[in-house]
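Q: Below you'll find data_30.txt; it's compact mmCIF, N, CA and C atoms.
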# COMPACT_ATOMS: atom_id res chain seq x y z
N MET G 1440 -12.66 7.96 -2.30
CA MET G 1440 -11.85 6.84 -2.69
C MET G 1440 -12.68 5.57 -2.51
N SER G 1441 -12.23 4.49 -3.12
CA SER G 1441 -13.04 3.28 -3.08
C SER G 1441 -12.17 2.03 -3.22
N ILE G 1442 -12.84 0.89 -3.08
CA ILE G 1442 -12.16 -0.39 -3.22
C ILE G 1442 -12.67 -1.05 -4.49
N PHE G 1443 -11.74 -1.55 -5.30
CA PHE G 1443 -12.06 -2.22 -6.55
C PHE G 1443 -11.76 -3.70 -6.40
N ALA G 1444 -12.68 -4.54 -6.82
CA ALA G 1444 -12.51 -5.99 -6.75
C ALA G 1444 -11.93 -6.52 -8.06
N PHE G 1445 -11.07 -7.52 -7.94
CA PHE G 1445 -10.44 -8.16 -9.09
C PHE G 1445 -10.52 -9.67 -8.91
N VAL G 1446 -10.38 -10.41 -10.01
CA VAL G 1446 -10.34 -11.86 -9.96
C VAL G 1446 -8.95 -12.26 -9.50
N LYS G 1447 -8.87 -12.80 -8.31
CA LYS G 1447 -7.58 -13.08 -7.67
C LYS G 1447 -6.71 -14.06 -8.47
N GLU G 1448 -7.35 -14.98 -9.17
CA GLU G 1448 -6.61 -16.02 -9.89
C GLU G 1448 -6.17 -15.56 -11.28
N ALA G 1449 -6.62 -14.40 -11.73
CA ALA G 1449 -6.31 -13.95 -13.09
C ALA G 1449 -5.24 -12.86 -13.05
N GLY G 1450 -4.52 -12.73 -14.13
CA GLY G 1450 -3.58 -11.63 -14.25
C GLY G 1450 -2.14 -12.05 -14.42
N VAL G 1451 -1.31 -11.05 -14.48
CA VAL G 1451 0.14 -11.24 -14.62
C VAL G 1451 0.67 -11.89 -13.35
N LYS G 1452 1.51 -12.87 -13.52
CA LYS G 1452 2.07 -13.56 -12.36
C LYS G 1452 3.42 -12.93 -12.00
N LEU G 1453 3.45 -12.22 -10.88
CA LEU G 1453 4.68 -11.55 -10.44
C LEU G 1453 5.39 -12.31 -9.33
N TRP G 1454 4.69 -13.25 -8.66
CA TRP G 1454 5.27 -13.96 -7.53
C TRP G 1454 4.56 -15.29 -7.35
N GLU G 1455 5.20 -16.18 -6.59
CA GLU G 1455 4.61 -17.49 -6.30
C GLU G 1455 3.61 -17.39 -5.15
N SER G 1456 3.98 -16.66 -4.10
CA SER G 1456 3.11 -16.54 -2.94
C SER G 1456 3.32 -15.18 -2.28
N LEU G 1457 2.23 -14.63 -1.75
CA LEU G 1457 2.32 -13.36 -1.04
C LEU G 1457 2.61 -13.54 0.44
N VAL G 1458 2.38 -14.74 0.95
CA VAL G 1458 2.51 -14.98 2.39
C VAL G 1458 3.90 -14.61 2.88
N GLY G 1459 3.95 -13.63 3.79
CA GLY G 1459 5.20 -13.17 4.35
C GLY G 1459 6.06 -12.35 3.40
N GLN G 1460 5.53 -12.03 2.25
CA GLN G 1460 6.30 -11.32 1.22
C GLN G 1460 5.69 -9.97 0.87
N GLU G 1461 4.92 -9.39 1.78
CA GLU G 1461 4.17 -8.17 1.47
C GLU G 1461 5.06 -7.01 1.04
N ALA G 1462 6.17 -6.79 1.74
CA ALA G 1462 7.05 -5.67 1.39
C ALA G 1462 7.66 -5.86 0.01
N GLN G 1463 8.11 -7.08 -0.30
CA GLN G 1463 8.67 -7.35 -1.62
C GLN G 1463 7.60 -7.25 -2.69
N ALA G 1464 6.38 -7.70 -2.38
CA ALA G 1464 5.27 -7.62 -3.33
C ALA G 1464 4.94 -6.16 -3.65
N ALA G 1465 4.94 -5.30 -2.64
CA ALA G 1465 4.66 -3.89 -2.86
C ALA G 1465 5.70 -3.28 -3.79
N GLU G 1466 6.96 -3.61 -3.59
CA GLU G 1466 8.01 -3.09 -4.46
C GLU G 1466 7.88 -3.65 -5.87
N SER G 1467 7.53 -4.93 -5.99
CA SER G 1467 7.32 -5.55 -7.30
C SER G 1467 6.18 -4.87 -8.05
N LEU G 1468 5.12 -4.51 -7.33
CA LEU G 1468 3.98 -3.84 -7.96
C LEU G 1468 4.36 -2.45 -8.48
N LYS G 1469 5.14 -1.70 -7.70
CA LYS G 1469 5.59 -0.38 -8.17
C LYS G 1469 6.46 -0.52 -9.42
N GLU G 1470 7.34 -1.52 -9.43
CA GLU G 1470 8.18 -1.77 -10.60
C GLU G 1470 7.32 -2.16 -11.80
N HIS G 1471 6.28 -2.96 -11.53
CA HIS G 1471 5.38 -3.40 -12.60
C HIS G 1471 4.66 -2.21 -13.23
N VAL G 1472 4.21 -1.26 -12.43
CA VAL G 1472 3.56 -0.05 -12.94
C VAL G 1472 4.51 0.68 -13.89
N ALA G 1473 5.76 0.80 -13.50
CA ALA G 1473 6.75 1.49 -14.34
C ALA G 1473 7.02 0.70 -15.63
N LYS G 1474 7.13 -0.64 -15.51
CA LYS G 1474 7.47 -1.47 -16.67
C LYS G 1474 6.39 -1.48 -17.74
N VAL G 1475 5.12 -1.37 -17.36
CA VAL G 1475 4.07 -1.39 -18.38
C VAL G 1475 3.97 -0.07 -19.12
N GLY G 1476 4.72 0.92 -18.69
CA GLY G 1476 4.76 2.18 -19.42
C GLY G 1476 4.06 3.33 -18.76
N LEU G 1477 3.75 3.21 -17.48
CA LEU G 1477 3.10 4.32 -16.78
C LEU G 1477 4.10 5.19 -16.03
N GLY G 1478 5.36 4.95 -16.27
CA GLY G 1478 6.39 5.76 -15.64
C GLY G 1478 6.54 5.47 -14.17
N ASN G 1479 6.93 6.46 -13.41
CA ASN G 1479 7.14 6.32 -11.98
C ASN G 1479 6.22 7.31 -11.27
N PRO G 1480 4.93 6.99 -11.19
CA PRO G 1480 3.99 7.95 -10.60
C PRO G 1480 4.25 8.17 -9.12
N ASN G 1481 3.76 9.27 -8.62
CA ASN G 1481 3.94 9.65 -7.22
C ASN G 1481 2.95 8.88 -6.34
N ILE G 1482 3.18 7.57 -6.22
CA ILE G 1482 2.30 6.74 -5.40
C ILE G 1482 3.12 5.84 -4.48
N GLU G 1483 2.48 5.43 -3.42
CA GLU G 1483 3.03 4.42 -2.52
C GLU G 1483 2.09 3.23 -2.56
N VAL G 1484 2.65 2.04 -2.50
CA VAL G 1484 1.86 0.82 -2.57
C VAL G 1484 2.17 -0.02 -1.34
N SER G 1485 1.10 -0.55 -0.72
CA SER G 1485 1.28 -1.50 0.38
C SER G 1485 0.40 -2.71 0.10
N VAL G 1486 0.81 -3.85 0.64
CA VAL G 1486 0.11 -5.11 0.42
C VAL G 1486 -0.20 -5.74 1.77
N GLU G 1487 -1.45 -6.17 1.93
CA GLU G 1487 -1.87 -6.90 3.13
C GLU G 1487 -2.77 -8.03 2.67
N GLY G 1488 -2.25 -9.26 2.73
CA GLY G 1488 -3.00 -10.39 2.19
C GLY G 1488 -3.15 -10.22 0.69
N ASP G 1489 -4.42 -10.30 0.20
CA ASP G 1489 -4.65 -10.11 -1.24
C ASP G 1489 -5.13 -8.70 -1.56
N LYS G 1490 -5.01 -7.80 -0.58
CA LYS G 1490 -5.44 -6.41 -0.75
C LYS G 1490 -4.24 -5.49 -0.96
N VAL G 1491 -4.31 -4.69 -2.03
CA VAL G 1491 -3.28 -3.71 -2.33
C VAL G 1491 -3.87 -2.33 -2.06
N THR G 1492 -3.13 -1.49 -1.37
CA THR G 1492 -3.54 -0.11 -1.14
C THR G 1492 -2.58 0.81 -1.87
N ALA G 1493 -3.16 1.72 -2.66
CA ALA G 1493 -2.35 2.68 -3.41
C ALA G 1493 -2.68 4.08 -2.91
N ARG G 1494 -1.64 4.82 -2.51
CA ARG G 1494 -1.79 6.19 -2.01
C ARG G 1494 -0.91 7.12 -2.82
N GLY G 1495 -1.31 8.38 -2.86
CA GLY G 1495 -0.50 9.39 -3.54
C GLY G 1495 -1.37 10.31 -4.37
N GLU G 1496 -0.73 10.97 -5.33
CA GLU G 1496 -1.44 11.91 -6.19
C GLU G 1496 -0.89 11.80 -7.60
N VAL G 1497 -1.80 11.81 -8.58
CA VAL G 1497 -1.41 11.74 -9.98
C VAL G 1497 -2.06 12.89 -10.74
N ALA G 1498 -1.66 13.07 -11.99
CA ALA G 1498 -2.10 14.22 -12.77
C ALA G 1498 -3.53 14.12 -13.28
N SER G 1499 -3.99 12.90 -13.63
CA SER G 1499 -5.30 12.79 -14.27
C SER G 1499 -6.07 11.57 -13.79
N GLN G 1500 -7.39 11.60 -14.02
CA GLN G 1500 -8.26 10.47 -13.69
C GLN G 1500 -7.85 9.25 -14.51
N GLU G 1501 -7.51 9.45 -15.77
CA GLU G 1501 -7.08 8.35 -16.63
C GLU G 1501 -5.84 7.67 -16.08
N GLU G 1502 -4.86 8.45 -15.67
CA GLU G 1502 -3.63 7.88 -15.11
C GLU G 1502 -3.96 7.08 -13.86
N LYS G 1503 -4.80 7.62 -13.00
CA LYS G 1503 -5.20 6.93 -11.77
C LYS G 1503 -5.85 5.59 -12.10
N GLU G 1504 -6.80 5.59 -13.03
CA GLU G 1504 -7.51 4.36 -13.38
C GLU G 1504 -6.56 3.31 -13.96
N LYS G 1505 -5.63 3.74 -14.79
CA LYS G 1505 -4.68 2.80 -15.37
C LYS G 1505 -3.78 2.20 -14.29
N ILE G 1506 -3.35 3.01 -13.34
CA ILE G 1506 -2.53 2.49 -12.24
C ILE G 1506 -3.32 1.46 -11.44
N LEU G 1507 -4.57 1.76 -11.12
CA LEU G 1507 -5.40 0.82 -10.36
C LEU G 1507 -5.56 -0.49 -11.12
N LEU G 1508 -5.75 -0.42 -12.44
CA LEU G 1508 -5.90 -1.64 -13.23
C LEU G 1508 -4.61 -2.44 -13.29
N VAL G 1509 -3.49 -1.76 -13.43
CA VAL G 1509 -2.20 -2.47 -13.46
C VAL G 1509 -1.98 -3.18 -12.12
N LEU G 1510 -2.31 -2.53 -11.02
CA LEU G 1510 -2.14 -3.14 -9.71
C LEU G 1510 -3.10 -4.31 -9.50
N GLY G 1511 -4.33 -4.18 -9.99
CA GLY G 1511 -5.33 -5.21 -9.75
C GLY G 1511 -5.27 -6.39 -10.70
N ASN G 1512 -4.78 -6.19 -11.91
CA ASN G 1512 -4.70 -7.27 -12.88
C ASN G 1512 -3.40 -8.05 -12.70
N VAL G 1513 -3.15 -8.46 -11.46
CA VAL G 1513 -1.99 -9.26 -11.09
C VAL G 1513 -2.51 -10.47 -10.32
N ALA G 1514 -2.05 -11.65 -10.70
CA ALA G 1514 -2.47 -12.87 -10.01
C ALA G 1514 -2.13 -12.76 -8.52
N GLY G 1515 -3.11 -13.04 -7.69
CA GLY G 1515 -2.92 -12.96 -6.24
C GLY G 1515 -3.54 -11.73 -5.62
N VAL G 1516 -3.89 -10.74 -6.45
CA VAL G 1516 -4.51 -9.51 -5.95
C VAL G 1516 -6.03 -9.65 -6.09
N GLY G 1517 -6.74 -9.53 -4.98
CA GLY G 1517 -8.19 -9.65 -4.98
C GLY G 1517 -8.90 -8.32 -4.95
N GLU G 1518 -8.24 -7.31 -4.39
CA GLU G 1518 -8.84 -5.98 -4.36
C GLU G 1518 -7.77 -4.90 -4.26
N VAL G 1519 -8.14 -3.72 -4.76
CA VAL G 1519 -7.25 -2.57 -4.68
C VAL G 1519 -8.00 -1.44 -3.98
N ASP G 1520 -7.42 -0.95 -2.90
CA ASP G 1520 -7.98 0.17 -2.15
C ASP G 1520 -7.40 1.45 -2.76
N ASP G 1521 -8.26 2.21 -3.39
CA ASP G 1521 -7.87 3.44 -4.08
C ASP G 1521 -7.82 4.60 -3.10
N GLN G 1522 -6.61 5.05 -2.80
CA GLN G 1522 -6.38 6.22 -1.96
C GLN G 1522 -5.56 7.25 -2.74
N ILE G 1523 -5.75 7.25 -4.07
CA ILE G 1523 -4.99 8.14 -4.94
C ILE G 1523 -5.81 9.39 -5.25
N GLY G 1524 -5.21 10.55 -5.03
CA GLY G 1524 -5.83 11.81 -5.39
C GLY G 1524 -5.47 12.19 -6.82
N VAL G 1525 -6.30 13.05 -7.41
CA VAL G 1525 -6.11 13.48 -8.79
C VAL G 1525 -6.00 15.00 -8.83
N VAL G 1526 -4.96 15.52 -9.48
CA VAL G 1526 -4.75 16.96 -9.60
C VAL G 1526 -5.86 17.59 -10.44
N THR G 1527 -6.19 16.94 -11.57
CA THR G 1527 -7.24 17.44 -12.47
C THR G 1527 -8.37 16.41 -12.51
N PRO G 1528 -9.35 16.55 -11.62
CA PRO G 1528 -10.44 15.57 -11.57
C PRO G 1528 -11.27 15.54 -12.85
N ALA G 1529 -11.81 14.37 -13.15
CA ALA G 1529 -12.68 14.18 -14.31
C ALA G 1529 -13.63 13.03 -13.98
N LEU G 1530 -14.60 12.81 -14.85
CA LEU G 1530 -15.51 11.70 -14.65
C LEU G 1530 -14.75 10.38 -14.72
N ALA G 1531 -15.12 9.47 -13.85
CA ALA G 1531 -14.49 8.15 -13.84
C ALA G 1531 -15.03 7.31 -14.99
N ALA G 1532 -14.19 6.46 -15.54
CA ALA G 1532 -14.61 5.52 -16.57
C ALA G 1532 -15.33 4.35 -15.90
N ARG G 1533 -16.04 3.58 -16.70
CA ARG G 1533 -16.63 2.33 -16.20
C ARG G 1533 -15.57 1.25 -16.35
N PHE G 1534 -15.79 0.13 -15.65
CA PHE G 1534 -14.88 -1.00 -15.74
C PHE G 1534 -15.67 -2.25 -16.05
N VAL G 1535 -15.10 -3.14 -16.84
CA VAL G 1535 -15.72 -4.44 -17.10
C VAL G 1535 -14.68 -5.53 -16.86
N THR G 1536 -15.16 -6.69 -16.45
CA THR G 1536 -14.30 -7.85 -16.28
C THR G 1536 -14.51 -8.75 -17.49
N VAL G 1537 -13.42 -9.11 -18.13
CA VAL G 1537 -13.46 -9.95 -19.32
C VAL G 1537 -13.92 -11.35 -18.93
N LYS G 1538 -14.89 -11.87 -19.70
CA LYS G 1538 -15.38 -13.23 -19.49
C LYS G 1538 -14.83 -14.14 -20.59
N LYS G 1539 -14.85 -15.43 -20.34
CA LYS G 1539 -14.38 -16.40 -21.33
C LYS G 1539 -15.12 -16.19 -22.64
N GLY G 1540 -14.38 -16.11 -23.73
CA GLY G 1540 -14.96 -15.92 -25.05
C GLY G 1540 -15.11 -14.46 -25.46
N ASP G 1541 -14.91 -13.53 -24.55
CA ASP G 1541 -15.02 -12.11 -24.88
C ASP G 1541 -13.92 -11.67 -25.83
N THR G 1542 -14.25 -10.71 -26.66
CA THR G 1542 -13.28 -10.00 -27.49
C THR G 1542 -13.53 -8.51 -27.26
N LEU G 1543 -12.59 -7.69 -27.64
CA LEU G 1543 -12.82 -6.25 -27.51
C LEU G 1543 -14.00 -5.82 -28.37
N SER G 1544 -14.18 -6.43 -29.53
CA SER G 1544 -15.32 -6.10 -30.39
C SER G 1544 -16.64 -6.44 -29.70
N ALA G 1545 -16.70 -7.60 -29.05
CA ALA G 1545 -17.93 -8.00 -28.36
C ALA G 1545 -18.23 -7.06 -27.19
N ILE G 1546 -17.18 -6.68 -26.47
CA ILE G 1546 -17.36 -5.75 -25.36
C ILE G 1546 -17.82 -4.39 -25.89
N ALA G 1547 -17.22 -3.93 -26.99
CA ALA G 1547 -17.61 -2.65 -27.59
C ALA G 1547 -19.07 -2.69 -28.05
N LYS G 1548 -19.51 -3.81 -28.59
CA LYS G 1548 -20.89 -3.95 -29.04
C LYS G 1548 -21.85 -3.79 -27.84
N ILE G 1549 -21.51 -4.42 -26.72
CA ILE G 1549 -22.35 -4.32 -25.51
C ILE G 1549 -22.30 -2.92 -24.93
N GLU G 1550 -21.12 -2.36 -24.81
CA GLU G 1550 -20.95 -1.07 -24.13
C GLU G 1550 -21.35 0.14 -24.96
N TYR G 1551 -21.08 0.08 -26.28
CA TYR G 1551 -21.32 1.23 -27.15
C TYR G 1551 -22.37 0.98 -28.24
N GLY G 1552 -22.77 -0.29 -28.39
CA GLY G 1552 -23.70 -0.62 -29.46
C GLY G 1552 -23.03 -0.70 -30.82
N ASN G 1553 -21.70 -0.73 -30.85
CA ASN G 1553 -20.95 -0.74 -32.10
C ASN G 1553 -19.66 -1.54 -31.91
N ALA G 1554 -19.60 -2.72 -32.53
CA ALA G 1554 -18.43 -3.58 -32.39
C ALA G 1554 -17.16 -2.92 -32.92
N ASN G 1555 -17.31 -2.02 -33.89
CA ASN G 1555 -16.15 -1.34 -34.47
C ASN G 1555 -15.52 -0.32 -33.52
N ALA G 1556 -16.14 -0.07 -32.38
CA ALA G 1556 -15.59 0.87 -31.39
C ALA G 1556 -14.56 0.20 -30.48
N TYR G 1557 -14.14 -1.02 -30.83
CA TYR G 1557 -13.19 -1.75 -29.98
C TYR G 1557 -11.87 -1.00 -29.80
N MET G 1558 -11.46 -0.21 -30.79
CA MET G 1558 -10.19 0.52 -30.67
C MET G 1558 -10.26 1.58 -29.57
N LYS G 1559 -11.45 2.11 -29.30
CA LYS G 1559 -11.61 3.07 -28.21
C LYS G 1559 -11.25 2.40 -26.88
N ILE G 1560 -11.69 1.16 -26.70
CA ILE G 1560 -11.38 0.41 -25.48
C ILE G 1560 -9.89 0.06 -25.47
N PHE G 1561 -9.37 -0.38 -26.60
CA PHE G 1561 -7.95 -0.71 -26.69
C PHE G 1561 -7.08 0.49 -26.32
N GLU G 1562 -7.37 1.64 -26.91
CA GLU G 1562 -6.58 2.85 -26.63
C GLU G 1562 -6.70 3.27 -25.18
N ALA G 1563 -7.88 3.08 -24.58
CA ALA G 1563 -8.09 3.47 -23.18
C ALA G 1563 -7.34 2.57 -22.21
N ASN G 1564 -6.89 1.42 -22.69
CA ASN G 1564 -6.20 0.47 -21.82
C ASN G 1564 -4.73 0.30 -22.17
N LYS G 1565 -4.22 1.17 -23.04
CA LYS G 1565 -2.78 1.19 -23.31
C LYS G 1565 -2.11 1.87 -22.12
N PRO G 1566 -0.97 1.51 -21.71
CA PRO G 1566 -0.06 0.53 -22.26
C PRO G 1566 -0.25 -0.87 -21.69
N MET G 1567 -1.30 -1.10 -20.87
CA MET G 1567 -1.50 -2.44 -20.31
C MET G 1567 -1.77 -3.46 -21.40
N LEU G 1568 -2.49 -3.05 -22.45
CA LEU G 1568 -2.74 -3.94 -23.58
C LEU G 1568 -1.76 -3.61 -24.69
N GLY G 1569 -1.12 -4.64 -25.21
CA GLY G 1569 -0.18 -4.43 -26.30
C GLY G 1569 -0.80 -4.74 -27.66
N HIS G 1570 -1.93 -5.46 -27.65
CA HIS G 1570 -2.59 -5.86 -28.90
C HIS G 1570 -4.07 -6.08 -28.59
N PRO G 1571 -4.97 -5.69 -29.50
CA PRO G 1571 -6.41 -5.83 -29.25
C PRO G 1571 -6.87 -7.27 -29.01
N ASP G 1572 -6.11 -8.26 -29.50
CA ASP G 1572 -6.51 -9.65 -29.32
C ASP G 1572 -5.94 -10.28 -28.05
N LYS G 1573 -5.17 -9.55 -27.29
CA LYS G 1573 -4.49 -10.10 -26.11
C LYS G 1573 -5.20 -9.71 -24.81
N ILE G 1574 -6.44 -10.21 -24.64
CA ILE G 1574 -7.15 -10.04 -23.39
C ILE G 1574 -7.42 -11.43 -22.82
N TYR G 1575 -7.72 -11.53 -21.54
CA TYR G 1575 -7.92 -12.84 -20.92
C TYR G 1575 -9.05 -12.77 -19.90
N PRO G 1576 -9.72 -13.90 -19.67
CA PRO G 1576 -10.81 -13.93 -18.68
C PRO G 1576 -10.31 -13.50 -17.30
N GLY G 1577 -11.11 -12.66 -16.66
CA GLY G 1577 -10.76 -12.15 -15.34
C GLY G 1577 -10.08 -10.79 -15.38
N GLN G 1578 -9.57 -10.41 -16.53
CA GLN G 1578 -8.91 -9.11 -16.67
C GLN G 1578 -9.96 -8.00 -16.57
N VAL G 1579 -9.61 -6.91 -15.91
CA VAL G 1579 -10.51 -5.77 -15.79
C VAL G 1579 -10.02 -4.69 -16.74
N LEU G 1580 -10.96 -4.12 -17.51
CA LEU G 1580 -10.63 -3.11 -18.52
C LEU G 1580 -11.39 -1.81 -18.26
N ARG G 1581 -10.79 -0.68 -18.63
CA ARG G 1581 -11.45 0.63 -18.59
C ARG G 1581 -12.35 0.77 -19.80
N ILE G 1582 -13.54 1.31 -19.57
CA ILE G 1582 -14.47 1.61 -20.66
C ILE G 1582 -14.75 3.11 -20.60
N PRO G 1583 -14.07 3.90 -21.44
CA PRO G 1583 -14.29 5.34 -21.41
C PRO G 1583 -15.66 5.71 -21.96
N GLU G 1584 -16.13 6.88 -21.58
CA GLU G 1584 -17.44 7.36 -22.10
C GLU G 1584 -17.35 7.63 -23.57
Using the file provided, produce a representation of the structure as structure tokens.
A:
Amino acid sequence: MSIFAFVKEAGVKLWESLVGQEAQAAESLKEHVAKVGLGNPNIEVSVEGDKVTARGEVASQEEKEKILLVLGNVAGVGEVDDQIGVVTPALAARFVTVKKGDTLSAIAKIEYGNANAYMKIFEANKPMLGHPDKIYPGQVLRIPE
């Protein structure tokens, strides 16, 4: 397991402040995972400061990575401690942080050498992304092989 770093100031805004609100923040994060379309995975979430810890077991590496991204791409979260096991292990995807001016096509050109491969990145980040043009600086995305 490992710790993933995120841009604390970027992401979906679920709360005004985490100070003294860790238990409510943990519940909000679990609800957020369900709302973006990942269902109700068998995980527990805890919050300490700007660090989120996710524990449990999921069916696939892809599901695990998407859960970690949903938890980390929230304003106020600086890191996610991955304590999630996978029933069917697979190779982990790479991750990139979106920079100002980036598009999925530009990221695909860098990562795959082909700007037209942007849909591969888009599909790998569904349901967190609803449209290929809706990315923002600081957001972390999965880059599948």
Q: From the options G:Thr1542, G:Arg1581, G:Ile1560, G:Ala1464, which residue's atoms come nearest to G:Glu1504, counting only N, CA and C atoms?
A: G:Arg1581
Q: Among stretch 1461-1550 of chain G, which ones does DSSP place in strand (DSSP E or B), written as a ChimeraX atom specification?
A: /G:1482-1487,1490-1499,1513,1518-1527,1533-1536
Q: Restricting the calculation to all atoms listed in the file: of G:Ala1462, G:Ala1554, G:Val1472, G:Ala1498, which residue gets closest to G:Val1486?
A: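 Smallest distance to G:Val1486 is found for G:Ala1462.
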Q: Just want the 7 Å neighbourhood of G:Pro1583, counted on only C-alpha atoms, with same-chain residues fewer than 5 positions away dropped. Output as a VMD selection string.
A: chain G and resid 1532 to 1533 1563
Q: Check the smallest atom-to-atom distance from each of G:Gly1478, G:Gly1511, G:Pro1571, G:Gly1488 to G:Val1451 using only N, CA and C atoms, then report the winner.
A: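 Closest to G:Val1451 of all the choices is G:Gly1511.
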Q: Would you list the contacts of G:Val1526 as a list in words, taking every protein, DNA or RNA residue within 6.5 Å and counting all atoms listed in the file, but skipping same-chain residues closer than 5 positions in sequence?
A: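 Contacts, in chain order: Glu1496, Val1497, Ala1498, Ser1499 and Gln1500 of chain G.
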Q: Give, as lines of an AutoDock Vina configuration file, the centre coordinates and the x, y and z edge lengths in Å to one decimal for an axis-aligned box around all listed atoms of stretch 1495-1504 of chain G, padded by 5 Å on each side.
A:
center_x = -4.4
center_y = 8.8
center_z = -9.7
size_x = 17.8
size_y = 20.9
size_z = 23.8
Q: List the neighbours of G:Gln1522 out to 8 Å using only C-alpha atoms; skip same-chain residues closer than 2 positions along the sequence, and give me the result as a list in words.
A: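 Residues near the query, excluding close chain neighbours: Met1440, Ser1441, Thr1492, Ala1493, Arg1494, Gly1495, Asp1520 and Gly1524 of chain G.
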Q: As a ChimeraX atom specification, please: the residues near G:Gly1540 (cut-off 8 Å, all atoms listed in the file, same-chain neighbours under 5 positions excluded).
A: /G:1545,1575-1576
Q: Save the residues we just selected, N, CA and C atoms, as a PDB file, in the coordinates of the input?
A:
ATOM      1  N   ALA G1545     -16.700  -7.600 -29.050  1.00  0.00           N
ATOM      2  CA  ALA G1545     -17.930  -8.000 -28.360  1.00  0.00           C
ATOM      3  C   ALA G1545     -18.230  -7.060 -27.190  1.00  0.00           C
ATOM      4  N   TYR G1575      -7.720 -11.530 -21.540  1.00  0.00           N
ATOM      5  CA  TYR G1575      -7.920 -12.840 -20.920  1.00  0.00           C
ATOM      6  C   TYR G1575      -9.050 -12.770 -19.900  1.00  0.00           C
ATOM      7  N   PRO G1576      -9.720 -13.900 -19.670  1.00  0.00           N
ATOM      8  CA  PRO G1576     -10.810 -13.930 -18.680  1.00  0.00           C
ATOM      9  C   PRO G1576     -10.310 -13.500 -17.300  1.00  0.00           C
TER      10      PRO G1576
END
